[in-house]
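*Asks:* Dumping the structure here so I can ask a few things about it.
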Amino acid sequence: MKIIKGIFIAIMLCQTPAFSQVVDTIKVTGTSGIQWISDQPVPKSVVVSTRSFRERLLADPYRPAYHFCVPEGRGIPGDPNGAFYYNGRYHLMYLYYREQRGFSWGHVSSKDMFHWRHHPDAIVPGKGEDGIFSGGAFVDKDGKATLSYWQVINLAKGETFQSRIEKSGPSGIGLSESSDEHFDKWTSGSADPIIRSTEWGLTVTKDEKGNEQIYGSADPSNIWFKDGKYYMLTGNLLVLNKYGRKDNDPPKYQGDHSYLFVSEDKKSWKYLHEFYDSDRKWTDKSEDNMCASFLPLPVGPDGGKLSDKHLLLFISHNKGAQYYVGDYKNDKFQPVNHGRMTWVDNAYFAPEALTDHKNRQIMWSWIFDDRPDKVKDESGWTGVYGLPRSLWAGKDGKLRMAPVEEVKLLRQAEQIKKDFVIKDGTELALDGFGKELVELEITVAPGKAKTIGVMVGCSQDGREKTEIYYDAAGKTLNVNTAKSSLGYGRKVTESAPLELDAGEQLTLRVFVDKSIVEVFANDKQAIGRSVYPTLGGTGIKLFSKGGDAKIISVKSWEVMPSNPY
């Protein structure tokens, strides 16, 4: 029995992979001292404490109101997982630590990607594993959904991987399936695990000719179907850690790699080869490839026709979310360009994507929560995703990105200011434009200005502000959080490459949601960061340096909260 201290609790009935109901025994200490088994009648004290907890979450100054949040508890790691679209709804799994059970996959669904319905947990540990780590999803044409995931085991002191699997069974890559109407019940297949590890997160075996082969058996990607066969990727972190970290290790084990598997029935899987050739001109030898997603790119933000390019999203643990755009032919991926989604650190992490009925490719990522661990634990929650991004291939073959169109459903109280100039070295306050939850759209003819930008979250005394700006000389989009908070948070400048074409106007779309600031620029670049203001500032100021800047228009909307709590 796990004792949960305090009066704030969260209860959920869910299904294990074997369809058995999870029944938690919960003791609420404090004034009530009541013990409750979750399949028994609900005491009034539990109802009261649950409502009190929700009200506490609503009052939390840093819990976002329209960015998806893990409902309660610890989303650390907080990867989005298992995203798929079916029958008019977007389904999304979220990794979190379930008390008494271990790392599990929560499950939500939505018609618009902002108003989410909570489902029973999709996968919880229960077949010898201690937790469930990252993976992907796939839906057959008959409506059967499949989740691919990494089985986690925690070795006790003195225990080896081999002794553990001899005791509790094999470990590696698992599958879970559901075909009920709402995808509320999931079960593991008989071939679980479908890819077996011989060591933690990797597999050493022999090919058909008796030659040694080594591949990762961690973090499976989504499954895709092509020419009558199923395909899936696995990640290389544990291979890199064992065989590629030293300077004199073989180059074939250094850097990011991904391993391609094929199956005719989703039960028996065969390793084919490495999916692409890792190249040090894009990534360095310290970077791994995990949390992968591989899908075709459409030609525009609204989907439609598919381009001839595919997108491989992934993370390296040390440098965060990134991607390759390239060509997919003959079971090999040939990257033609590479990009990152975080630059100064790794705080935008674990991308997960799906393709919907319009052929839109839509992704989510985990934005790190930089509050101290004690604060996160005492607040009862952690885990936030960036806005869902629509991804597509530009005419130049490079990745384009924008928030999904559905975010406009949350707009309220539009304000507009048009046709004015920001003089060199000056700031202009936009009185009445600032809100705790706000979307801005700023269109600028930069002219000779070297730096043009906006400050959000400005306190009245000027001590707190978050600066967002375009550096024309450096050709970068920047978010400076050095003065975002007098308290905690990363005091850094995130700087992303952004080059405007000759005569191209600059368009910044900025979203502020309590502790989250995101900016999208010209459908070419985006940055998402956590901030923790302490002074309650909602002021907005425009500024220009190195020349005058012509403002075509500034629009703002108060954003309606969409999270239930």
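By order of appearance in the structure tokens: chains A, B, ..., then residues from 1 within every chain, and ligands from 1 in the order shown.
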Hey, what does DSSP flag as strand (DSSP E) within region 180-291 of chain A? Can you give it to me as a count of residues only?
*Replies:* 38
*Asks:* Region 286-298 of chain A: which residues within 8 Å, counting only C-alpha atoms, same-chain residues fewer than 4 positions away excluded, as an MDAnalysis selection string?
*Replies:* chainID A and resid 134:136 218:222 233:237 240 245 254:258 303:319 350:355 359:361 391:393
*Asks:* For a test of reading the model, state the distance in Å between CA of Tyr94 (chain A) and CA of Val375 (chain A), rounded to one decimal.
*Replies:*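 Separation of CA of Tyr94 (chain A) and CA of Val375 (chain A): 21.3 Å.
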*Asks:* Calculated over only C-alpha atoms, which of the candidates A:Glu166, A:Asp121, A:Asp369, A:Glu212 has the smallest distance to Thr187 (chain A)?
*Replies:* A:Asp121
*Asks:* Figure out the distance between CA of Trp116 (chain A) and CA of Asp180 (chain A), please, to one decimal in Å.
*Replies:*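 Between CA of Asp180 (chain A) and CA of Trp116 (chain A) the gap works out to 18.9 Å.
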*Asks:* Please identify all polymer residues within 12 Å of region 74-77 of chain A, counting only C-alpha atoms, omitting same-chain residues fewer than 4 positions from it, and present them as a ChimeraX atom specification.
*Replies:* /A:10,68-70,81,93-99,102-106,131-134,291,317,347,349-350,365-370,373-385
*Asks:* Would you mind reading off the distance between CA of Ala472 (chain A) and CA of Trp343 (chain A), one decimal, in Å?
*Replies:*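 Interatomic distance here is 18.2 Å.
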*Asks:* Could you pull out the helix (DSSP H, G or I) residues of region 16-169 of chain A, going by DSSP on the backbone, and write them as number ranges by chain?
*Replies:* A: 44-59, 161-168
